[in-house]
>>> print(open('work27.cif').read())   # mmCIF, C-alpha atoms
data_work
#
loop_
_atom_site.group_PDB
_atom_site.id
_atom_site.type_symbol
_atom_site.label_atom_id
_atom_site.label_comp_id
_atom_site.auth_asym_id
_atom_site.auth_seq_id
_atom_site.Cartn_x
_atom_site.Cartn_y
_atom_site.Cartn_z
ATOM 1 C CA LYS H 1 -17.734 -14.199 60.683
ATOM 2 C CA ASN H 2 -18.260 -14.921 57.019
ATOM 3 C CA VAL H 3 -15.205 -15.862 54.946
ATOM 4 C CA ASN H 4 -13.836 -12.890 53.007
ATOM 5 C CA PRO H 5 -13.816 -13.815 49.263
ATOM 6 C CA ALA H 6 -10.684 -11.725 48.660
ATOM 7 C CA GLU H 7 -8.796 -13.713 51.315
ATOM 8 C CA ALA H 8 -10.142 -17.160 50.452
ATOM 9 C CA LYS H 9 -9.561 -18.046 46.821
ATOM 10 C CA GLY H 10 -11.427 -21.211 45.872
ATOM 11 C CA TYR H 11 -13.769 -21.152 48.886
ATOM 12 C CA TYR H 12 -16.905 -19.805 47.217
ATOM 13 C CA ASN H 13 -18.689 -21.371 44.271
ATOM 14 C CA PRO H 14 -18.213 -18.803 41.465
ATOM 15 C CA ASN H 15 -21.767 -19.425 40.190
ATOM 16 C CA ASN H 16 -23.448 -19.313 43.606
ATOM 17 C CA PRO H 17 -21.741 -17.365 46.425
ATOM 18 C CA SER H 18 -24.046 -18.901 49.062
ATOM 19 C CA ARG H 19 -22.349 -22.276 48.345
ATOM 20 C CA THR H 20 -18.742 -23.377 48.691
ATOM 21 C CA ASP H 21 -16.693 -24.485 45.722
ATOM 22 C CA TRP H 22 -17.331 -28.105 46.867
ATOM 23 C CA ASN H 23 -21.087 -27.309 46.879
ATOM 24 C CA THR H 24 -21.970 -27.132 50.576
ATOM 25 C CA GLU H 25 -23.862 -24.208 52.054
ATOM 26 C CA VAL H 26 -21.674 -21.372 53.381
ATOM 27 C CA ILE H 27 -22.389 -21.345 57.127
ATOM 28 C CA HIS H 28 -20.889 -19.145 59.859
ATOM 29 C CA PHE H 29 -21.899 -18.240 63.408
ATOM 30 C CA GLU H 30 -23.406 -14.892 62.361
ATOM 31 C CA LEU H 31 -25.723 -16.684 59.919
ATOM 32 C CA MET H 32 -26.700 -19.203 62.613
ATOM 33 C CA GLU H 33 -27.424 -16.356 65.043
ATOM 34 C CA THR H 34 -29.593 -14.616 62.418
ATOM 35 C CA ARG H 35 -31.416 -17.869 61.737
ATOM 36 C CA ALA H 36 -32.060 -18.325 65.459
ATOM 37 C CA ARG H 37 -33.352 -14.744 65.832
ATOM 38 C CA THR H 38 -35.656 -15.041 62.825
ATOM 39 C CA GLY H 39 -37.166 -18.368 63.870
ATOM 40 C CA PHE H 40 -35.442 -20.647 61.354
ATOM 41 C CA TYR H 41 -34.726 -23.196 64.094
ATOM 42 C CA ASN H 42 -38.119 -22.778 65.828
ATOM 43 C CA GLU H 43 -39.841 -25.840 64.480
ATOM 44 C CA GLU H 44 -41.422 -28.816 66.100
ATOM 45 C CA ARG H 45 -39.062 -30.694 68.388
ATOM 46 C CA ILE H 46 -38.372 -33.411 65.803
ATOM 47 C CA LEU H 47 -36.545 -30.945 63.501
ATOM 48 C CA LYS H 48 -35.047 -28.340 65.850
ATOM 49 C CA VAL H 49 -31.904 -30.216 66.934
ATOM 50 C CA PRO H 50 -31.082 -31.600 63.462
ATOM 51 C CA LYS H 51 -31.285 -28.157 61.799
ATOM 52 C CA VAL H 52 -28.933 -26.523 64.313
ATOM 53 C CA GLU H 53 -26.641 -29.538 64.272
ATOM 54 C CA LYS H 54 -26.512 -29.661 60.469
ATOM 55 C CA ASP H 55 -25.595 -25.963 60.244
ATOM 56 C CA PHE H 56 -22.931 -26.310 62.942
ATOM 57 C CA PHE H 57 -21.310 -29.377 61.399
ATOM 58 C CA THR H 58 -21.500 -27.952 57.860
ATOM 59 C CA MET H 59 -19.566 -24.920 59.126
ATOM 60 C CA ILE H 60 -16.979 -27.250 60.710
ATOM 61 C CA TYR H 61 -16.710 -29.454 57.593
ATOM 62 C CA ASN H 62 -16.171 -26.389 55.404
ATOM 63 C CA ALA H 63 -13.337 -25.170 57.644
ATOM 64 C CA ILE H 64 -11.681 -28.591 57.616
ATOM 65 C CA ILE H 65 -12.061 -29.156 53.880
ATOM 66 C CA TYR H 66 -10.756 -25.706 52.921
ATOM 67 C CA ASN H 67 -7.853 -25.323 55.374
ATOM 68 C CA PRO H 68 -4.718 -27.526 55.280
ATOM 69 C CA TYR H 69 -4.257 -30.090 58.061
ATOM 70 C CA HIS H 70 -1.979 -28.040 60.375
ATOM 71 C CA HIS H 71 -3.558 -24.645 59.661
ATOM 72 C CA PRO H 72 -4.848 -22.990 62.887
ATOM 73 C CA VAL H 73 -8.400 -22.822 61.484
ATOM 74 C CA HIS H 74 -8.347 -26.542 60.680
ATOM 75 C CA VAL H 75 -7.008 -27.384 64.148
ATOM 76 C CA GLU H 76 -9.611 -25.178 65.847
ATOM 77 C CA ALA H 77 -12.400 -26.652 63.703
ATOM 78 C CA VAL H 78 -11.456 -30.171 64.869
ATOM 79 C CA ARG H 79 -11.452 -28.961 68.489
ATOM 80 C CA LEU H 80 -14.870 -27.332 67.996
ATOM 81 C CA TYR H 81 -16.154 -30.494 66.328
ATOM 82 C CA ASN H 82 -15.160 -32.630 69.317
ATOM 83 C CA HIS H 83 -16.732 -30.187 71.753
ATOM 84 C CA GLY H 84 -19.847 -29.921 69.574
ATOM 85 C CA LEU H 85 -20.266 -33.712 69.596
ATOM 86 C CA LYS H 86 -20.514 -33.656 73.388
ATOM 87 C CA VAL H 87 -22.985 -30.758 73.397
ATOM 88 C CA PHE H 88 -25.226 -32.251 70.721
ATOM 89 C CA GLU H 89 -25.117 -35.670 72.397
ATOM 90 C CA LYS H 90 -26.496 -34.142 75.609
ATOM 91 C CA TRP H 91 -29.054 -32.143 73.627
ATOM 92 C CA GLU H 92 -30.161 -35.196 71.653
ATOM 93 C CA LYS H 93 -30.621 -37.255 74.816
ATOM 94 C CA LYS H 94 -33.044 -34.609 76.022
ATOM 95 C CA GLY H 95 -34.963 -34.211 72.816
ATOM 96 C CA MET H 96 -34.036 -36.346 69.809
ATOM 97 C CA LEU H 97 -37.109 -37.820 68.186
ATOM 98 C CA CYS H 98 -37.326 -40.428 65.478
ATOM 99 C CA ARG H 99 -38.211 -38.861 62.127
ATOM 100 C CA VAL H 100 -40.370 -41.869 61.222
ATOM 101 C CA CYS H 101 -42.426 -42.544 64.373
ATOM 102 C CA SER H 102 -41.806 -39.302 66.361
ATOM 103 C CA GLY H 103 -40.905 -41.446 69.370
ATOM 104 C CA ASP H 104 -38.005 -40.763 71.703
ATOM 105 C CA GLU H 105 -37.842 -44.126 73.473
ATOM 106 C CA VAL H 106 -34.424 -45.756 73.145
ATOM 107 C CA TYR H 107 -33.312 -49.209 74.301
ATOM 108 C CA ILE H 108 -30.581 -51.656 73.283
ATOM 109 C CA GLU H 109 -32.377 -53.115 70.257
ATOM 110 C CA ASN H 110 -33.924 -49.829 69.142
ATOM 111 C CA GLN H 111 -31.293 -47.083 69.142
ATOM 112 C CA ILE H 112 -31.735 -43.826 67.233
ATOM 113 C CA LYS H 113 -29.218 -43.590 64.374
ATOM 114 C CA ILE H 114 -28.174 -40.102 63.305
ATOM 115 C CA CYS H 115 -27.640 -39.361 59.607
ATOM 116 C CA ASP H 116 -24.137 -38.029 58.903
ATOM 117 C CA TRP H 117 -25.534 -35.491 56.440
ATOM 118 C CA CYS H 118 -28.944 -34.169 57.536
ATOM 119 C CA CYS H 119 -28.534 -35.101 61.243
ATOM 120 C CA SER H 120 -32.049 -36.563 61.421
ATOM 121 C CA GLY H 121 -32.615 -39.396 63.862
ATOM 122 C CA ILE H 122 -34.340 -42.691 62.998
ATOM 123 C CA HIS H 123 -34.922 -45.702 65.257
ATOM 124 C CA THR H 124 -33.175 -48.856 64.082
ATOM 125 C CA LEU H 125 -36.516 -50.711 64.175
ATOM 126 C CA CYS H 126 -38.145 -47.970 62.070
ATOM 127 C CA LEU H 127 -35.408 -48.530 59.470
ATOM 128 C CA GLN H 128 -36.365 -52.156 58.890
ATOM 129 C CA GLY H 129 -37.546 -52.600 55.325
ATOM 130 C CA GLN H 130 -36.302 -49.199 54.160
ATOM 131 C CA GLU H 131 -34.034 -49.595 51.161
ATOM 132 C CA ASP H 132 -33.078 -45.939 51.242
ATOM 133 C CA SER H 133 -30.828 -46.043 54.322
ATOM 134 C CA ASN H 134 -27.134 -46.654 53.903
ATOM 135 C CA ASP H 135 -24.291 -47.824 56.101
ATOM 136 C CA SER H 136 -21.298 -46.788 54.088
ATOM 137 C CA ASP H 137 -18.052 -48.594 54.743
ATOM 138 C CA LYS H 138 -16.491 -46.971 51.684
ATOM 139 C CA LEU H 139 -16.975 -43.401 52.946
ATOM 140 C CA VAL H 140 -14.938 -42.234 55.908
ATOM 141 C CA HIS H 141 -16.221 -39.377 58.023
ATOM 142 C CA PRO H 142 -13.721 -36.511 57.478
ATOM 143 C CA ILE H 143 -13.381 -35.690 61.172
ATOM 144 C CA SER H 144 -14.222 -38.733 63.284
ATOM 145 C CA LEU H 145 -12.495 -40.995 60.726
ATOM 146 C CA ASP H 146 -15.039 -43.777 61.168
ATOM 147 C CA SER H 147 -17.650 -45.155 58.791
ATOM 148 C CA THR H 148 -20.672 -43.078 57.894
ATOM 149 C CA TRP H 149 -24.421 -43.700 57.960
ATOM 150 C CA PHE H 150 -27.019 -41.933 55.827
ATOM 151 C CA CYS H 151 -30.792 -42.014 56.136
ATOM 152 C CA SER H 152 -31.171 -41.880 52.350
ATOM 153 C CA THR H 153 -29.240 -42.153 49.111
ATOM 154 C CA ASN H 154 -29.898 -38.414 48.610
ATOM 155 C CA CYS H 155 -28.055 -37.625 51.857
ATOM 156 C CA GLN H 156 -25.208 -39.943 50.849
ATOM 157 C CA GLN H 157 -24.906 -38.272 47.425
ATOM 158 C CA ASP H 158 -24.958 -34.797 48.998
ATOM 159 C CA PHE H 159 -22.229 -35.881 51.439
ATOM 160 C CA GLU H 160 -20.036 -37.281 48.662
#
>>> encode(input="work27.cif", output="structure tokens")
Amino acid sequence: KNVNPAEAKGYYNPNNPSRTDWNTEVIHFELMETRARTGFYNEERILKVPKVEKDFFTMIYNAIIYNPYHHPVHVEAVRLYNHGLKVFEKWEKKGMLCRVCSGDEVYIENQIKICDWCCSGIHTLCLQGQEDSNDSDKLVHPISLDSTWFCSTNCQQDFE
């Protein structure tokens, strides 16, 4: 359910209530269900998984950023995140396509990297020569606590 503004001071952006105060989209399961019913996620296979995944993980990030470390919502969001990783990994194996070449073939030297912001997949060989992709050792993923990877500087800036 959507976060009640009266109960969550500092959650919503005062100038744009569809965004959080830290400028991410406000996402909740009801919104995702509405988007699914209205066809928001019904795109070609290359975009379907990333759009659902981005909404899901944005909802989780928002819960973790807003709620203190030991708060029940924070704890449950981390649990959901870990479960979601497993679900999306299975889903991606069945249907993740490279955004550049639209291929789904994966082998040791040509893995599909997933952007930590937009959740798009790109083969490592398709990345060769692209200046706009970023391995970021300076940014730590807020949940997995490892380094991040972004398919573009725009995604990295949005994440920051």
>>> residues_around(input="work27.cif", residues="Phe56 in chain H", least_positions_apart="4", cutoff="9 Å", atoms="all atoms listed in the file", output="NGL selection string")
:H and (27-29 or 32 or 51-52 or 60-61 or 81 or 84)
>>> resolve_selection(input="work27.cif", expression="the PyMOL selection byres ((chain H and resi 23-26) around 10)", output="list of chain:residue names")
H:Asn2, H:Val3, H:Tyr11, H:Tyr12, H:Asn13, H:Asn16, H:Pro17, H:Ser18, H:Arg19, H:Thr20, H:Asp21, H:Trp22, H:Ile27, H:His28, H:Leu31, H:Asp55, H:Thr58, H:Met59, H:Tyr61, H:Asn62, H:Asp158, H:Phe159
>>> atom_distance(input="work27.cif", atom1="CA of Phe150 in chain H", atom2="CA of Asp116 in chain H")
5.7 Å
>>> atom_distance(input="work27.cif", atom1="CA of Gly10 in chain H", atom2="CA of Phe40 in chain H")
28.6 Å
>>> closest_residue(input="work27.cif", among="H:Asn4, H:His71, H:Ile108, H:Lys54", to="Cys155 in chain H", atoms="all atoms listed in the file")
H:Lys54
>>> resolve_selection(input="work27.cif", expression="the PyMOL selection byres ((chain H and resi 151) around 12)", output="MDAnalysis selection string")
chainID H and resid 98:100 112:124 126:128 130:136 148:150 152:159
>>> write_last_selection(input="work27.cif", atoms="C-alpha atoms", output="PDB file, keeping the file's coordinate frame")
ATOM      1  CA  CYS H  98     -37.326 -40.428  65.478  1.00  0.00           C
ATOM      2  CA  ARG H  99     -38.211 -38.861  62.127  1.00  0.00           C
ATOM      3  CA  VAL H 100     -40.370 -41.869  61.222  1.00  0.00           C
ATOM      4  CA  ILE H 112     -31.735 -43.826  67.233  1.00  0.00           C
ATOM      5  CA  LYS H 113     -29.218 -43.590  64.374  1.00  0.00           C
ATOM      6  CA  ILE H 114     -28.174 -40.102  63.305  1.00  0.00           C
ATOM      7  CA  CYS H 115     -27.640 -39.361  59.607  1.00  0.00           C
ATOM      8  CA  ASP H 116     -24.137 -38.029  58.903  1.00  0.00           C
ATOM      9  CA  TRP H 117     -25.534 -35.491  56.440  1.00  0.00           C
ATOM     10  CA  CYS H 118     -28.944 -34.169  57.536  1.00  0.00           C
ATOM     11  CA  CYS H 119     -28.534 -35.101  61.243  1.00  0.00           C
ATOM     12  CA  SER H 120     -32.049 -36.563  61.421  1.00  0.00           C
ATOM     13  CA  GLY H 121     -32.615 -39.396  63.862  1.00  0.00           C
ATOM     14  CA  ILE H 122     -34.340 -42.691  62.998  1.00  0.00           C
ATOM     15  CA  HIS H 123     -34.922 -45.702  65.257  1.00  0.00           C
ATOM     16  CA  THR H 124     -33.175 -48.856  64.082  1.00  0.00           C
ATOM     17  CA  CYS H 126     -38.145 -47.970  62.070  1.00  0.00           C
ATOM     18  CA  LEU H 127     -35.408 -48.530  59.470  1.00  0.00           C
ATOM     19  CA  GLN H 128     -36.365 -52.156  58.890  1.00  0.00           C
ATOM     20  CA  GLN H 130     -36.302 -49.199  54.160  1.00  0.00           C
ATOM     21  CA  GLU H 131     -34.034 -49.595  51.161  1.00  0.00           C
ATOM     22  CA  ASP H 132     -33.078 -45.939  51.242  1.00  0.00           C
ATOM     23  CA  SER H 133     -30.828 -46.043  54.322  1.00  0.00           C
ATOM     24  CA  ASN H 134     -27.134 -46.654  53.903  1.00  0.00           C
ATOM     25  CA  ASP H 135     -24.291 -47.824  56.101  1.00  0.00           C
ATOM     26  CA  SER H 136     -21.298 -46.788  54.088  1.00  0.00           C
ATOM     27  CA  THR H 148     -20.672 -43.078  57.894  1.00  0.00           C
ATOM     28  CA  TRP H 149     -24.421 -43.700  57.960  1.00  0.00           C
ATOM     29  CA  PHE H 150     -27.019 -41.933  55.827  1.00  0.00           C
ATOM     30  CA  SER H 152     -31.171 -41.880  52.350  1.00  0.00           C
ATOM     31  CA  THR H 153     -29.240 -42.153  49.111  1.00  0.00           C
ATOM     32  CA  ASN H 154     -29.898 -38.414  48.610  1.00  0.00           C
ATOM     33  CA  CYS H 155     -28.055 -37.625  51.857  1.00  0.00           C
ATOM     34  CA  GLN H 156     -25.208 -39.943  50.849  1.00  0.00           C
ATOM     35  CA  GLN H 157     -24.906 -38.272  47.425  1.00  0.00           C
ATOM     36  CA  ASP H 158     -24.958 -34.797  48.998  1.00  0.00           C
ATOM     37  CA  PHE H 159     -22.229 -35.881  51.439  1.00  0.00           C
TER      38      PHE H 159
END
>>> atom_distance(input="work27.cif", atom1="CA of Pro5 in chain H", atom2="CA of Val73 in chain H")
16.1 Å
>>> closest_residue(input="work27.cif", among="H:Leu125, H:Glu33, H:Glu105, H:Lys9", to="Asn67 in chain H", atoms="only C-alpha atoms")
H:Lys9
